[in-house]
Amino acid sequence: MTTSASTSTTTTGTTTTTLPAVAVTADDGPRVRRRQRRRGLAPGKPWPASRLVGPLLLIALWAAASAAGQLDTGAIPAPWTVLRTGVNLWTDGTLTTDVLTSLERAAYGFAIGLTAGVTLALASGLTRSGEALIDGTVQLNRAIPTLGLIPLFILWLGIGETFKIAIIAIVVYIPIYLNTHAALSGIDHRFVELAEVQGLSKVQFIRQIVIPGALPGFFVGLRLGVTGSWLGLVVLEQINATSGLGYMMFQAQNYGQSDVILVGLLIYGVFGLLSDTAVRLIERRVLSWRRTLSS
Amino acid sequence: MAPHTEQLTRSAAVQLRGLTRSFEDRTVLDGIDLDIPAGQFVALLGHSGSGKSTLLRAVAHLDHEVVGSGQLTAPERVSVVFQDSRLLPWRRVLDNVLLGLDGKEAEQKGREALAEVGLKGRERAWPNELSGGEAQRAALARSLVREPELLLADEPFGALDALTRIKMHTLLRELWKRHRPSVLLVTHDVDEAIVLADRVLVLDHGRIGLDLTIDRPHPRSYRDPLLGEYRERLLAALGVTEDHK
């Protein structure tokens, strides 16, 4: 015990005396030079159309592999085959009908989900009674996998359009509700004080402080909701549809038409990308006051 | 306002009688009596935790959930400047200044207030484009535009660098001279209190330990040797003994 104690004191003694001197001599020179070279921690200016770089590269790889004959055309047809199939389906009119059907489902489901999510979040985030009634219920709903509700909804609503739209609406409203509600109830207490000092009425407080303050959270939910609407659509149309893009793909699977399946997947992908971009553009306009890394 | 606090009839700008506030079982304000005449510039000094912010928040009616008693009178139009500028990041500077007001007339006043604090031309800027000093100027403009009878300031320059703080002192004093509100400035900076205020209070254990009138002409210099006496008395009241030999 005594020996270990004495050694520890001597080591600490030596380090405390030598460390500062060593640190200064060793670090001084390089630190100055490093500072001049430093370019900052932000990732720098964004590239033009940078989001397209990855997908284009993937398509290029796909085309190259097809041209080199490295891919089994039965499993993965060449991009130009897929393109030709797409054009053929478009010109004979079947694709148009299927796309429009799918778009309509996604749009209805999304619109209902958006309205429900925002309304419930406002009711629950702004009133105590609303919170007591709504928040727990939504959390319960969230715990149930929405796609697991499909069999029940078919029994209740039939296998028509209604149940599909209902499922998509549920997939959409949950993330919108959760994020908007969190943002509404997480309003900075300092701003509440400010509103009191400035003599704002309850309505002014909600309109000028609570809602604008919750918008960033709402947009997080909105983007998740948009993605969710397509996810829900894909699953629904592949399992329980009699029309739409998913149905088209399901039929193609039966006939071994992998090019048609790829056409369907690509259209889903393009729609997903477009809707997400649209939300981002709106977000950037509405939240222009935020100067973040991406702007 | 905390419960059990009756409104007194209006005479002095601020009137406190036996104002008591406590958190849990700790008494932060212990029966404070204080009159602030209309138009007086008062600084309130104290250690951190001495209750100076509690006093300011009580006068601002911001202490809903605090247990307390006593009587309190404050004017109708009260503005508060916080330590942080507390500008809403999603409103442009002018819209921040106009928070809670509307109409063309208010907008004109808002522009004038911004010009007065030296932010002319920055009306359309976003708060996060402003420096710390500019943001605090905008906060001053926001409090001015309501033509307050009483201006409460809770360490408004505490987060600013020393140079900006000196400029802000001059600005605040000028604004006060032009608009003549009563001012209650909470600060922990003895020099700030001496340079700015006509009366300095020291809060000690929930009571006013020293009430000192500073009878020196403005603008005051930090180097004025006569102010040294005041400084020493204030530091002594704060329990700090200065060793400058």
# chains A, B, ... in the order shown; residues from 1 in each chain; ligands from 1
>>> residues_around(residues="Lys52 of chain B", least_positions_apart="4", cutoff="9 Å", atoms="only C-alpha atoms", output="list in words")
Val28, Leu29, Leu44, Leu45, Gly46, His47, Ser48, Leu56, Arg57, Asp154, Val186, Thr187, Val202, Leu203 and Gly206 of chain B
>>> write_last_selection(atoms="N, CA and C atoms", output="PDB file, in the first residue's frame")
ATOM      1  N   VAL B  28     -36.836  33.699  -0.913  1.00  0.00           N
ATOM      2  CA  VAL B  28     -35.925  34.427  -1.796  1.00  0.00           C
ATOM      3  C   VAL B  28     -36.086  35.932  -1.623  1.00  0.00           C
ATOM      4  N   LEU B  29     -37.318  36.380  -1.523  1.00  0.00           N
ATOM      5  CA  LEU B  29     -37.579  37.787  -1.226  1.00  0.00           C
ATOM      6  C   LEU B  29     -38.304  37.833   0.107  1.00  0.00           C
ATOM      7  N   LEU B  44     -30.255  47.246  -9.824  1.00  0.00           N
ATOM      8  CA  LEU B  44     -30.403  46.307  -8.716  1.00  0.00           C
ATOM      9  C   LEU B  44     -29.242  45.326  -8.765  1.00  0.00           C
ATOM     10  N   LEU B  45     -28.407  45.401  -7.716  1.00  0.00           N
ATOM     11  CA  LEU B  45     -27.216  44.547  -7.670  1.00  0.00           C
ATOM     12  C   LEU B  45     -27.436  43.412  -6.687  1.00  0.00           C
ATOM     13  N   GLY B  46     -26.690  42.368  -6.856  1.00  0.00           N
ATOM     14  CA  GLY B  46     -26.766  41.272  -5.901  1.00  0.00           C
ATOM     15  C   GLY B  46     -25.989  40.086  -6.412  1.00  0.00           C
ATOM     16  N   HIS B  47     -25.609  39.219  -5.499  1.00  0.00           N
ATOM     17  CA  HIS B  47     -24.944  37.986  -5.915  1.00  0.00           C
ATOM     18  C   HIS B  47     -25.921  37.141  -6.719  1.00  0.00           C
ATOM     19  N   SER B  48     -25.383  36.164  -7.439  1.00  0.00           N
ATOM     20  CA  SER B  48     -26.312  35.258  -8.104  1.00  0.00           C
ATOM     21  C   SER B  48     -27.046  34.472  -7.016  1.00  0.00           C
ATOM     22  N   LEU B  56     -37.422  41.077 -10.215  1.00  0.00           N
ATOM     23  CA  LEU B  56     -37.785  41.614 -11.526  1.00  0.00           C
ATOM     24  C   LEU B  56     -38.958  40.842 -12.124  1.00  0.00           C
ATOM     25  N   ARG B  57     -38.912  39.521 -11.985  1.00  0.00           N
ATOM     26  CA  ARG B  57     -39.992  38.707 -12.553  1.00  0.00           C
ATOM     27  C   ARG B  57     -41.309  38.965 -11.832  1.00  0.00           C
ATOM     28  N   ASP B 154     -33.216  42.444 -17.392  1.00  0.00           N
ATOM     29  CA  ASP B 154     -32.617  41.380 -16.588  1.00  0.00           C
ATOM     30  C   ASP B 154     -31.243  41.035 -17.155  1.00  0.00           C
ATOM     31  N   VAL B 186     -31.443  44.941 -13.634  1.00  0.00           N
ATOM     32  CA  VAL B 186     -30.817  43.922 -12.794  1.00  0.00           C
ATOM     33  C   VAL B 186     -29.448  43.607 -13.373  1.00  0.00           C
ATOM     34  N   THR B 187     -28.435  43.648 -12.531  1.00  0.00           N
ATOM     35  CA  THR B 187     -27.092  43.374 -13.037  1.00  0.00           C
ATOM     36  C   THR B 187     -26.230  42.816 -11.909  1.00  0.00           C
ATOM     37  N   VAL B 202     -28.785  47.242  -3.419  1.00  0.00           N
ATOM     38  CA  VAL B 202     -28.095  45.968  -3.276  1.00  0.00           C
ATOM     39  C   VAL B 202     -29.030  45.016  -2.558  1.00  0.00           C
ATOM     40  N   LEU B 203     -29.284  43.891  -3.190  1.00  0.00           N
ATOM     41  CA  LEU B 203     -30.179  42.900  -2.613  1.00  0.00           C
ATOM     42  C   LEU B 203     -29.331  41.882  -1.859  1.00  0.00           C
ATOM     43  N   GLY B 206     -32.551  38.444   0.430  1.00  0.00           N
ATOM     44  CA  GLY B 206     -33.971  38.717   0.259  1.00  0.00           C
ATOM     45  C   GLY B 206     -34.425  40.073   0.745  1.00  0.00           C
TER      46      GLY B 206
END
>>> interface_residues(of="chain B", to="chain A", cutoff="8 Å", atoms="only C-alpha atoms", output="list in words")
Ala60, Leu62, Val78, Ser79, Val80, Arg86, Leu88, Pro89, Trp90, Arg91, Leu99, Gly100, Trp126 and Asn128 of chain B
>>> closest_residue(among="A:Glu161, A:Glu283, A:Glu131, A:Asp276", to="Gly228 of chain A", atoms="only C-alpha atoms")
A:Asp276
>>> select_by_dssp(residues="segment 5-221 of chain A", states="helix (DSSP H, G or I)", output="PyMOL selection string")
chain A and resi 5-37+50-67+79-91+94-126+128-143+146-157+161-185+189-197+202-221
>>> atom_distance(atom1="atom CA of Ala141 of chain B", atom2="atom CA of Pro181 of chain B")
13.8 Å
>>> decode(residues="segment 27-40 of chain B", atoms="all heavy atoms", output="PDB file, in the first residue's frame")
ATOM      1  N   THR B  27     -36.874  31.204   1.364  1.00  0.00           N
ATOM      2  CA  THR B  27     -37.427  32.530   1.116  1.00  0.00           C
ATOM      3  C   THR B  27     -36.429  33.337   0.298  1.00  0.00           C
ATOM      4  O   THR B  27     -35.313  33.599   0.739  1.00  0.00           O
ATOM      5  CB  THR B  27     -37.713  33.247   2.436  1.00  0.00           C
ATOM      6  OG1 THR B  27     -38.564  32.408   3.210  1.00  0.00           O
ATOM      7  CG2 THR B  27     -38.398  34.574   2.190  1.00  0.00           C
ATOM      8  N   VAL B  28     -36.836  33.699  -0.913  1.00  0.00           N
ATOM      9  CA  VAL B  28     -35.925  34.427  -1.796  1.00  0.00           C
ATOM     10  C   VAL B  28     -36.086  35.932  -1.623  1.00  0.00           C
ATOM     11  O   VAL B  28     -35.115  36.674  -1.583  1.00  0.00           O
ATOM     12  CB  VAL B  28     -36.167  34.019  -3.267  1.00  0.00           C
ATOM     13  CG1 VAL B  28     -35.247  34.792  -4.181  1.00  0.00           C
ATOM     14  CG2 VAL B  28     -35.927  32.528  -3.432  1.00  0.00           C
ATOM     15  N   LEU B  29     -37.318  36.380  -1.523  1.00  0.00           N
ATOM     16  CA  LEU B  29     -37.579  37.787  -1.226  1.00  0.00           C
ATOM     17  C   LEU B  29     -38.304  37.833   0.107  1.00  0.00           C
ATOM     18  O   LEU B  29     -39.303  37.141   0.300  1.00  0.00           O
ATOM     19  CB  LEU B  29     -38.447  38.430  -2.319  1.00  0.00           C
ATOM     20  CG  LEU B  29     -37.863  38.438  -3.726  1.00  0.00           C
ATOM     21  CD1 LEU B  29     -38.852  39.072  -4.697  1.00  0.00           C
ATOM     22  CD2 LEU B  29     -36.539  39.181  -3.762  1.00  0.00           C
ATOM     23  N   ASP B  30     -37.775  38.648   1.025  1.00  0.00           N
ATOM     24  CA  ASP B  30     -38.253  38.584   2.400  1.00  0.00           C
ATOM     25  C   ASP B  30     -38.832  39.933   2.821  1.00  0.00           C
ATOM     26  O   ASP B  30     -38.196  40.716   3.506  1.00  0.00           O
ATOM     27  CB  ASP B  30     -37.078  38.170   3.301  1.00  0.00           C
ATOM     28  CG  ASP B  30     -37.519  37.919   4.728  1.00  0.00           C
ATOM     29  OD1 ASP B  30     -38.741  37.877   4.964  1.00  0.00           O
ATOM     30  OD2 ASP B  30     -36.635  37.781   5.587  1.00  0.00           O
ATOM     31  N   GLY B  31     -40.025  40.219   2.348  1.00  0.00           N
ATOM     32  CA  GLY B  31     -40.705  41.441   2.751  1.00  0.00           C
ATOM     33  C   GLY B  31     -40.045  42.703   2.236  1.00  0.00           C
ATOM     34  O   GLY B  31     -39.551  43.527   3.001  1.00  0.00           O
ATOM     35  N   ILE B  32     -40.023  42.858   0.929  1.00  0.00           N
ATOM     36  CA  ILE B  32     -39.344  44.011   0.334  1.00  0.00           C
ATOM     37  C   ILE B  32     -40.277  45.212   0.238  1.00  0.00           C
ATOM     38  O   ILE B  32     -41.415  45.090  -0.227  1.00  0.00           O
ATOM     39  CB  ILE B  32     -38.805  43.645  -1.059  1.00  0.00           C
ATOM     40  CG1 ILE B  32     -37.740  42.561  -0.891  1.00  0.00           C
ATOM     41  CG2 ILE B  32     -38.308  44.865  -1.798  1.00  0.00           C
ATOM     42  CD1 ILE B  32     -36.620  42.620  -1.829  1.00  0.00           C
ATOM     43  N   ASP B  33     -39.813  46.351   0.721  1.00  0.00           N
ATOM     44  CA  ASP B  33     -40.523  47.612   0.536  1.00  0.00           C
ATOM     45  C   ASP B  33     -39.704  48.462  -0.414  1.00  0.00           C
ATOM     46  O   ASP B  33     -38.513  48.661  -0.185  1.00  0.00           O
ATOM     47  CB  ASP B  33     -40.645  48.357   1.870  1.00  0.00           C
ATOM     48  CG  ASP B  33     -41.530  47.598   2.845  1.00  0.00           C
ATOM     49  OD1 ASP B  33     -42.466  46.931   2.387  1.00  0.00           O
ATOM     50  OD2 ASP B  33     -41.251  47.678   4.063  1.00  0.00           O
ATOM     51  N   LEU B  34     -40.342  48.948  -1.443  1.00  0.00           N
ATOM     52  CA  LEU B  34     -39.573  49.727  -2.412  1.00  0.00           C
ATOM     53  C   LEU B  34     -40.507  50.639  -3.197  1.00  0.00           C
ATOM     54  O   LEU B  34     -41.580  50.217  -3.628  1.00  0.00           O
ATOM     55  CB  LEU B  34     -38.834  48.774  -3.369  1.00  0.00           C
ATOM     56  CG  LEU B  34     -38.097  49.404  -4.551  1.00  0.00           C
ATOM     57  CD1 LEU B  34     -36.938  50.256  -4.071  1.00  0.00           C
ATOM     58  CD2 LEU B  34     -37.590  48.333  -5.515  1.00  0.00           C
ATOM     59  N   ASP B  35     -40.082  51.893  -3.368  1.00  0.00           N
ATOM     60  CA  ASP B  35     -40.787  52.821  -4.249  1.00  0.00           C
ATOM     61  C   ASP B  35     -39.834  53.242  -5.351  1.00  0.00           C
ATOM     62  O   ASP B  35     -38.709  53.626  -5.068  1.00  0.00           O
ATOM     63  CB  ASP B  35     -41.201  54.088  -3.488  1.00  0.00           C
ATOM     64  CG  ASP B  35     -42.414  53.827  -2.604  1.00  0.00           C
ATOM     65  OD1 ASP B  35     -43.052  52.777  -2.798  1.00  0.00           O
ATOM     66  OD2 ASP B  35     -42.693  54.670  -1.734  1.00  0.00           O
ATOM     67  N   ILE B  36     -40.276  53.166  -6.560  1.00  0.00           N
ATOM     68  CA  ILE B  36     -39.482  53.731  -7.653  1.00  0.00           C
ATOM     69  C   ILE B  36     -40.305  54.856  -8.267  1.00  0.00           C
ATOM     70  O   ILE B  36     -41.354  54.603  -8.860  1.00  0.00           O
ATOM     71  CB  ILE B  36     -39.137  52.675  -8.717  1.00  0.00           C
ATOM     72  CG1 ILE B  36     -38.335  51.530  -8.084  1.00  0.00           C
ATOM     73  CG2 ILE B  36     -38.360  53.313  -9.862  1.00  0.00           C
ATOM     74  CD1 ILE B  36     -37.965  50.438  -9.064  1.00  0.00           C
ATOM     75  N   PRO B  37     -39.864  56.110  -8.114  1.00  0.00           N
ATOM     76  CA  PRO B  37     -40.613  57.221  -8.716  1.00  0.00           C
ATOM     77  C   PRO B  37     -40.596  57.112 -10.236  1.00  0.00           C
ATOM     78  O   PRO B  37     -39.691  56.514 -10.808  1.00  0.00           O
ATOM     79  CB  PRO B  37     -39.830  58.455  -8.257  1.00  0.00           C
ATOM     80  CG  PRO B  37     -38.941  57.997  -7.151  1.00  0.00           C
ATOM     81  CD  PRO B  37     -38.686  56.553  -7.373  1.00  0.00           C
ATOM     82  N   ALA B  38     -41.593  57.730 -10.857  1.00  0.00           N
ATOM     83  CA  ALA B  38     -41.666  57.702 -12.311  1.00  0.00           C
ATOM     84  C   ALA B  38     -40.403  58.314 -12.908  1.00  0.00           C
ATOM     85  O   ALA B  38     -39.935  59.351 -12.459  1.00  0.00           O
ATOM     86  CB  ALA B  38     -42.902  58.449 -12.780  1.00  0.00           C
ATOM     87  N   GLY B  39     -39.840  57.640 -13.888  1.00  0.00           N
ATOM     88  CA  GLY B  39     -38.700  58.187 -14.611  1.00  0.00           C
ATOM     89  C   GLY B  39     -37.360  57.959 -13.958  1.00  0.00           C
ATOM     90  O   GLY B  39     -36.344  58.430 -14.464  1.00  0.00           O
ATOM     91  N   GLN B  40     -37.315  57.216 -12.848  1.00  0.00           N
ATOM     92  CA  GLN B  40     -36.025  57.005 -12.200  1.00  0.00           C
ATOM     93  C   GLN B  40     -35.306  55.795 -12.801  1.00  0.00           C
ATOM     94  O   GLN B  40     -35.928  54.804 -13.168  1.00  0.00           O
ATOM     95  CB  GLN B  40     -36.214  56.764 -10.696  1.00  0.00           C
ATOM     96  CG  GLN B  40     -34.910  56.826  -9.931  1.00  0.00           C
ATOM     97  CD  GLN B  40     -35.137  56.714  -8.428  1.00  0.00           C
ATOM     98  OE1 GLN B  40     -35.840  55.837  -7.955  1.00  0.00           O
ATOM     99  NE2 GLN B  40     -34.543  57.633  -7.680  1.00  0.00           N
TER     100      GLN B  40
END
